[in-house]
>>> print(open('protein.pdb').read())   # PDB, C-alpha atoms
ATOM      1  CA  MET S   1     -20.763 -19.176  14.389
ATOM      2  CA  ASN S   2     -21.691 -21.097  11.268
ATOM      3  CA  ALA S   3     -21.881 -19.289   7.955
ATOM      4  CA  LYS S   4     -22.777 -20.534   4.507
ATOM      5  CA  LEU S   5     -22.334 -18.584   1.276
ATOM      6  CA  VAL S   6     -24.634 -19.633  -1.535
ATOM      7  CA  MET S   7     -24.640 -18.395  -5.143
ATOM      8  CA  CYS S   8     -27.806 -18.827  -7.145
ATOM      9  CA  HIS S   9     -29.465 -18.029 -10.425
ATOM     10  CA  GLN S  10     -32.859 -19.425  -9.493
ATOM     11  CA  THR S  11     -36.184 -17.798  -8.879
ATOM     12  CA  VAL S  12     -36.300 -18.926  -5.249
ATOM     13  CA  LEU S  13     -33.209 -19.309  -3.095
ATOM     14  CA  PHE S  14     -33.323 -21.847  -0.289
ATOM     15  CA  LEU S  15     -30.644 -22.014   2.370
ATOM     16  CA  GLU S  16     -30.133 -25.071   4.501
ATOM     17  CA  ASN S  17     -29.904 -24.289   8.179
ATOM     18  CA  THR S  18     -26.253 -24.713   9.155
ATOM     19  CA  GLN S  19     -26.940 -24.788  12.895
ATOM     20  CA  ARG S  20     -26.294 -28.016  14.749
ATOM     21  CA  ASP S  21     -29.400 -29.898  15.815
ATOM     22  CA  ASN S  22     -28.454 -30.575  19.429
ATOM     23  CA  ARG S  23     -28.594 -27.148  21.016
ATOM     24  CA  GLN S  24     -28.621 -27.431  24.800
ATOM     25  CA  ILE S  25     -29.919 -24.810  27.215
ATOM     26  CA  LEU S  26     -29.326 -24.602  30.963
ATOM     27  CA  VAL S  27     -32.238 -23.354  33.091
ATOM     28  CA  VAL S  28     -31.525 -22.449  36.727
ATOM     29  CA  ASP S  29     -34.272 -21.513  39.186
ATOM     30  CA  ASP S  30     -34.949 -22.474  42.798
ATOM     31  CA  ASP S  31     -38.714 -22.264  42.224
ATOM     32  CA  HIS S  32     -39.745 -25.695  40.933
ATOM     33  CA  ASP S  33     -42.880 -24.388  39.174
ATOM     34  CA  ASN S  34     -40.917 -21.728  37.280
ATOM     35  CA  LEU S  35     -38.247 -24.275  36.398
ATOM     36  CA  GLU S  36     -40.801 -26.705  34.970
ATOM     37  CA  PHE S  37     -42.697 -23.982  33.091
ATOM     38  CA  LEU S  38     -39.608 -22.521  31.400
ATOM     39  CA  SER S  39     -38.042 -25.879  30.596
ATOM     40  CA  GLY S  40     -41.362 -27.009  29.090
ATOM     41  CA  LEU S  41     -41.463 -23.975  26.794
ATOM     42  CA  ILE S  42     -37.882 -24.595  25.679
ATOM     43  CA  LEU S  43     -38.571 -28.285  25.039
ATOM     44  CA  LYS S  44     -41.556 -27.318  22.833
ATOM     45  CA  LEU S  45     -39.121 -25.288  20.734
ATOM     46  CA  GLY S  46     -37.081 -28.439  20.138
ATOM     47  CA  PHE S  47     -34.072 -27.811  22.364
ATOM     48  CA  LYS S  48     -32.456 -30.054  24.911
ATOM     49  CA  VAL S  49     -32.866 -28.664  28.418
ATOM     50  CA  VAL S  50     -30.870 -29.269  31.568
ATOM     51  CA  THR S  51     -32.388 -27.901  34.759
ATOM     52  CA  ALA S  52     -30.818 -26.944  38.066
ATOM     53  CA  GLY S  53     -32.634 -26.050  41.281
ATOM     54  CA  SER S  54     -29.926 -23.775  42.680
ATOM     55  CA  GLY S  55     -27.096 -21.533  41.540
ATOM     56  CA  ILE S  56     -24.520 -23.985  42.884
ATOM     57  CA  GLU S  57     -26.145 -26.893  41.047
ATOM     58  CA  GLY S  58     -26.357 -24.728  37.917
ATOM     59  CA  LEU S  59     -22.670 -23.817  38.055
ATOM     60  CA  HIS S  60     -21.699 -27.456  38.574
ATOM     61  CA  GLY S  61     -23.836 -28.475  35.583
ATOM     62  CA  PHE S  62     -22.421 -25.670  33.445
ATOM     63  CA  VAL S  63     -18.809 -26.617  34.142
ATOM     64  CA  ASN S  64     -19.484 -30.288  33.394
ATOM     65  CA  SER S  65     -21.515 -29.922  30.191
ATOM     66  CA  ASP S  66     -21.711 -27.993  26.931
ATOM     67  CA  PHE S  67     -24.443 -25.345  26.680
ATOM     68  CA  ASP S  68     -25.477 -22.771  24.096
ATOM     69  CA  LEU S  69     -27.496 -20.500  26.403
ATOM     70  CA  VAL S  70     -28.151 -20.054  30.139
ATOM     71  CA  PHE S  71     -31.394 -18.858  31.725
ATOM     72  CA  THR S  72     -31.105 -18.065  35.438
ATOM     73  CA  ASP S  73     -33.383 -16.585  38.050
ATOM     74  CA  SER S  74     -31.971 -13.448  39.662
ATOM     75  CA  LYS S  75     -32.876 -14.279  43.262
ATOM     76  CA  MET S  76     -31.912 -17.676  44.628
ATOM     77  CA  ILE S  77     -30.656 -18.897  47.982
ATOM     78  CA  LEU S  78     -26.868 -19.311  48.413
ATOM     79  CA  LYS S  79     -25.702 -18.417  44.891
ATOM     80  CA  ASP S  80     -27.968 -15.900  43.189
ATOM     81  CA  GLY S  81     -28.261 -15.380  39.447
ATOM     82  CA  PHE S  82     -25.761 -12.510  39.406
ATOM     83  CA  SER S  83     -23.088 -14.658  41.051
ATOM     84  CA  LEU S  84     -23.881 -17.541  38.694
ATOM     85  CA  ALA S  85     -23.665 -15.211  35.677
ATOM     86  CA  TYR S  86     -20.285 -13.954  36.883
ATOM     87  CA  HIS S  87     -18.912 -17.489  37.198
ATOM     88  CA  VAL S  88     -20.377 -18.597  33.858
ATOM     89  CA  LYS S  89     -18.705 -15.644  32.119
ATOM     90  CA  ALA S  90     -15.419 -16.391  33.908
ATOM     91  CA  VAL S  91     -15.456 -19.889  32.399
ATOM     92  CA  SER S  92     -16.992 -18.959  29.041
ATOM     93  CA  PRO S  93     -17.053 -15.194  28.274
ATOM     94  CA  GLU S  94     -19.063 -15.638  25.049
ATOM     95  CA  MET S  95     -21.863 -17.644  26.704
ATOM     96  CA  PRO S  96     -25.168 -15.728  26.596
ATOM     97  CA  VAL S  97     -26.769 -15.425  30.048
ATOM     98  CA  VAL S  98     -30.429 -14.415  30.359
ATOM     99  CA  MET S  99     -31.525 -13.159  33.782
ATOM    100  CA  LEU S 100     -35.118 -13.837  34.857
ATOM    101  CA  VAL S 101     -36.477 -11.046  37.069
ATOM    102  CA  GLY S 102     -39.799 -10.055  38.595
ATOM    103  CA  ARG S 103     -41.480  -7.192  36.768
ATOM    104  CA  ASN S 104     -41.956  -5.164  39.947
ATOM    105  CA  LYS S 105     -38.296  -5.395  40.949
ATOM    106  CA  ARG S 106     -36.133  -2.605  39.609
ATOM    107  CA  ASP S 107     -32.868  -3.590  41.315
ATOM    108  CA  PRO S 108     -31.794  -6.179  38.684
ATOM    109  CA  ALA S 109     -32.276  -3.632  35.910
ATOM    110  CA  ASP S 110     -30.048  -1.239  37.850
ATOM    111  CA  LYS S 111     -27.415  -3.968  38.299
ATOM    112  CA  LYS S 112     -27.287  -4.784  34.575
ATOM    113  CA  GLU S 113     -24.758  -2.016  33.895
ATOM    114  CA  GLY S 114     -21.342  -3.676  34.181
ATOM    115  CA  CYS S 115     -22.863  -7.056  35.081
ATOM    116  CA  CYS S 116     -22.260 -10.393  33.417
ATOM    117  CA  MET S 117     -25.779 -10.908  32.074
ATOM    118  CA  ASP S 118     -26.640 -10.348  28.449
ATOM    119  CA  TYR S 119     -30.402  -9.901  28.647
ATOM    120  CA  LEU S 120     -33.168  -9.293  31.197
ATOM    121  CA  LEU S 121     -36.397 -11.272  30.834
ATOM    122  CA  PHE S 122     -39.178  -9.972  33.068
ATOM    123  CA  LYS S 123     -41.738 -12.293  34.664
ATOM    124  CA  PRO S 124     -44.344 -13.226  33.746
ATOM    125  CA  PHE S 125     -43.166 -14.376  30.345
ATOM    126  CA  GLY S 126     -44.701 -16.662  27.752
ATOM    127  CA  PHE S 127     -43.878 -18.824  24.759
ATOM    128  CA  LYS S 128     -43.236 -15.926  22.358
ATOM    129  CA  ASP S 129     -40.915 -14.217  24.862
ATOM    130  CA  ILE S 130     -38.812 -17.366  25.186
ATOM    131  CA  GLN S 131     -38.844 -17.935  21.432
ATOM    132  CA  PHE S 132     -37.675 -14.347  20.816
ATOM    133  CA  THR S 133     -34.964 -14.575  23.474
ATOM    134  CA  ILE S 134     -33.570 -17.850  22.174
ATOM    135  CA  ARG S 135     -33.646 -16.616  18.592
ATOM    136  CA  LYS S 136     -31.818 -13.456  19.702
ATOM    137  CA  PHE S 137     -28.848 -15.426  21.010
ATOM    138  CA  ILE S 138     -28.863 -18.716  19.131
ATOM    139  CA  GLY S 139     -30.608 -17.870  15.868
ATOM    140  CA  THR S 140     -32.977 -20.100  13.981
ATOM    141  CA  TRP S 141     -33.097 -23.761  14.809
ATOM    142  CA  SER S 142     -35.473 -25.277  12.311
ATOM    143  CA  ASN S 143     -34.275 -28.285  10.327
ATOM    144  CA  LYS S 144     -36.373 -27.084   7.411
ATOM    145  CA  LYS S 145     -35.055 -25.002   4.569
ATOM    146  CA  ASN S 146     -35.816 -21.294   4.773
ATOM    147  CA  VAL S 147     -36.948 -19.085   1.897
ATOM    148  CA  VAL S 148     -34.429 -16.255   1.890
ATOM    149  CA  SER S 149     -34.872 -14.443  -1.394
ATOM    150  CA  ILE S 150     -37.247 -14.433  -4.330
ATOM    151  CA  THR S 151     -35.511 -13.019  -7.376
ATOM    152  CA  ASN S 152     -34.598 -13.688 -10.995
ATOM    153  CA  GLU S 153     -31.235 -11.967 -10.565
ATOM    154  CA  PRO S 154     -27.953 -13.682  -9.666
ATOM    155  CA  CYS S 155     -27.339 -13.337  -5.970
ATOM    156  CA  ALA S 156     -25.034 -14.278  -3.128
ATOM    157  CA  VAL S 157     -26.328 -14.711   0.393
ATOM    158  CA  ARG S 158     -24.325 -15.282   3.557
ATOM    159  CA  LEU S 159     -26.204 -16.990   6.368
ATOM    160  CA  CYS S 160     -24.702 -16.475   9.808
ATOM    161  CA  GLY S 161     -25.913 -18.374  12.845
TER     162      GLY S 161
END
>>> encode(input="protein.pdb", output="structure tokens")
Amino acid sequence: MNAKLVMCHQTVLFLENTQRDNRQILVVDDDHDNLEFLSGLILKLGFKVVTAGSGIEGLHGFVNSDFDLVFTDSKMILKDGFSLAYHVKAVSPEMPVVMLVGRNKRDPADKKEGCCMDYLLFKPFGFKDIQFTIRKFIGTWSNKKNVVSITNEPCAVRLCG
């Protein structure tokens, strides 16, 4: 987690984003159309995306690369999303894992208690859902400066990523 403490005596305080620019997200789904749709949304947000067409391929990619977030479908042949989430957490307990589930399926929501996933994202989802989910786990990613405070008083602000 990156943090930056800034003292100011200016009317407008700007904080530089302290996040690294090369955030990489793993997307795992055995449905090619879903895989392309989700990876396209993530690319539009400016992230690097690595895709995998199966849980086994996803686990292999995860072990051999550095990721900041994992999206995985819940139901896949051979290694489902729950098994993948378990193995991801065994390797990297702090890694956020987002499980993609069908809206009409209640079983993944029931399995969340005690499971290795961090968040459920119900299908169908759109751009704003993905943006919210990524922001929830990674934070902001803009290279631009952000207006944090407008004040004439001395202030200290701590930005955590």
>>> closest_residue(input="protein.pdb", among="S:Ile77, S:Val70, S:Cys116, S:Leu26", to="Val98 in chain S", atoms="only C-alpha atoms")
S:Val70
>>> residues_around(input="protein.pdb", residues="Glu57 in chain S", least_positions_apart="5", cutoff="12 Å", atoms="all atoms listed in the file", output="number ranges by chain")
S: 26-30, 50-52, 62-64, 72, 76-81, 84
>>> write_last_selection(input="protein.pdb", atoms="C-alpha atoms", output="PDB file, in the frame of the given file")
ATOM      1  CA  LEU S  26     -29.326 -24.602  30.963  1.00  0.00           C
ATOM      2  CA  VAL S  27     -32.238 -23.354  33.091  1.00  0.00           C
ATOM      3  CA  VAL S  28     -31.525 -22.449  36.727  1.00  0.00           C
ATOM      4  CA  ASP S  29     -34.272 -21.513  39.186  1.00  0.00           C
ATOM      5  CA  ASP S  30     -34.949 -22.474  42.798  1.00  0.00           C
ATOM      6  CA  VAL S  50     -30.870 -29.269  31.568  1.00  0.00           C
ATOM      7  CA  THR S  51     -32.388 -27.901  34.759  1.00  0.00           C
ATOM      8  CA  ALA S  52     -30.818 -26.944  38.066  1.00  0.00           C
ATOM      9  CA  PHE S  62     -22.421 -25.670  33.445  1.00  0.00           C
ATOM     10  CA  VAL S  63     -18.809 -26.617  34.142  1.00  0.00           C
ATOM     11  CA  ASN S  64     -19.484 -30.288  33.394  1.00  0.00           C
ATOM     12  CA  THR S  72     -31.105 -18.065  35.438  1.00  0.00           C
ATOM     13  CA  MET S  76     -31.912 -17.676  44.628  1.00  0.00           C
ATOM     14  CA  ILE S  77     -30.656 -18.897  47.982  1.00  0.00           C
ATOM     15  CA  LEU S  78     -26.868 -19.311  48.413  1.00  0.00           C
ATOM     16  CA  LYS S  79     -25.702 -18.417  44.891  1.00  0.00           C
ATOM     17  CA  ASP S  80     -27.968 -15.900  43.189  1.00  0.00           C
ATOM     18  CA  GLY S  81     -28.261 -15.380  39.447  1.00  0.00           C
ATOM     19  CA  LEU S  84     -23.881 -17.541  38.694  1.00  0.00           C
TER      20      LEU S  84
END
>>> closest_residue(input="protein.pdb", among="S:Ile130, S:Val49, S:Leu38, S:Val97", to="Phe82 in chain S", atoms="all atoms listed in the file")
S:Val97
>>> atom_distance(input="protein.pdb", atom1="CA of Gly58 in chain S", atom2="CA of Val88 in chain S")
9.5 Å
>>> atom_distance(input="protein.pdb", atom1="CA of Gly139 in chain S", atom2="CA of Phe37 in chain S")
21.9 Å
>>> closest_residue(input="protein.pdb", among="S:Met95, S:Val101, S:Ile138, S:Leu59", to="Leu120 in chain S", atoms="only C-alpha atoms")
S:Val101
>>> residues_around(input="protein.pdb", residues="Phe67 in chain S", least_positions_apart="6", cutoff="8 Å", atoms="all atoms listed in the file", output="list in words")
Arg23, Gln24, Ile25 and Leu26 of chain S
>>> residues_near_point(input="protein.pdb", point="(-32.6, -16.2, 35.1)", cutoff="6 Å", atoms="all atoms listed in the file", output="list in words")
Phe71, Thr72, Asp73, Ser74, Val98, Met99 and Leu100 of chain S
>>> atom_distance(input="protein.pdb", atom1="CA of Gly126 in chain S", atom2="CA of Glu36 in chain S")
13.0 Å
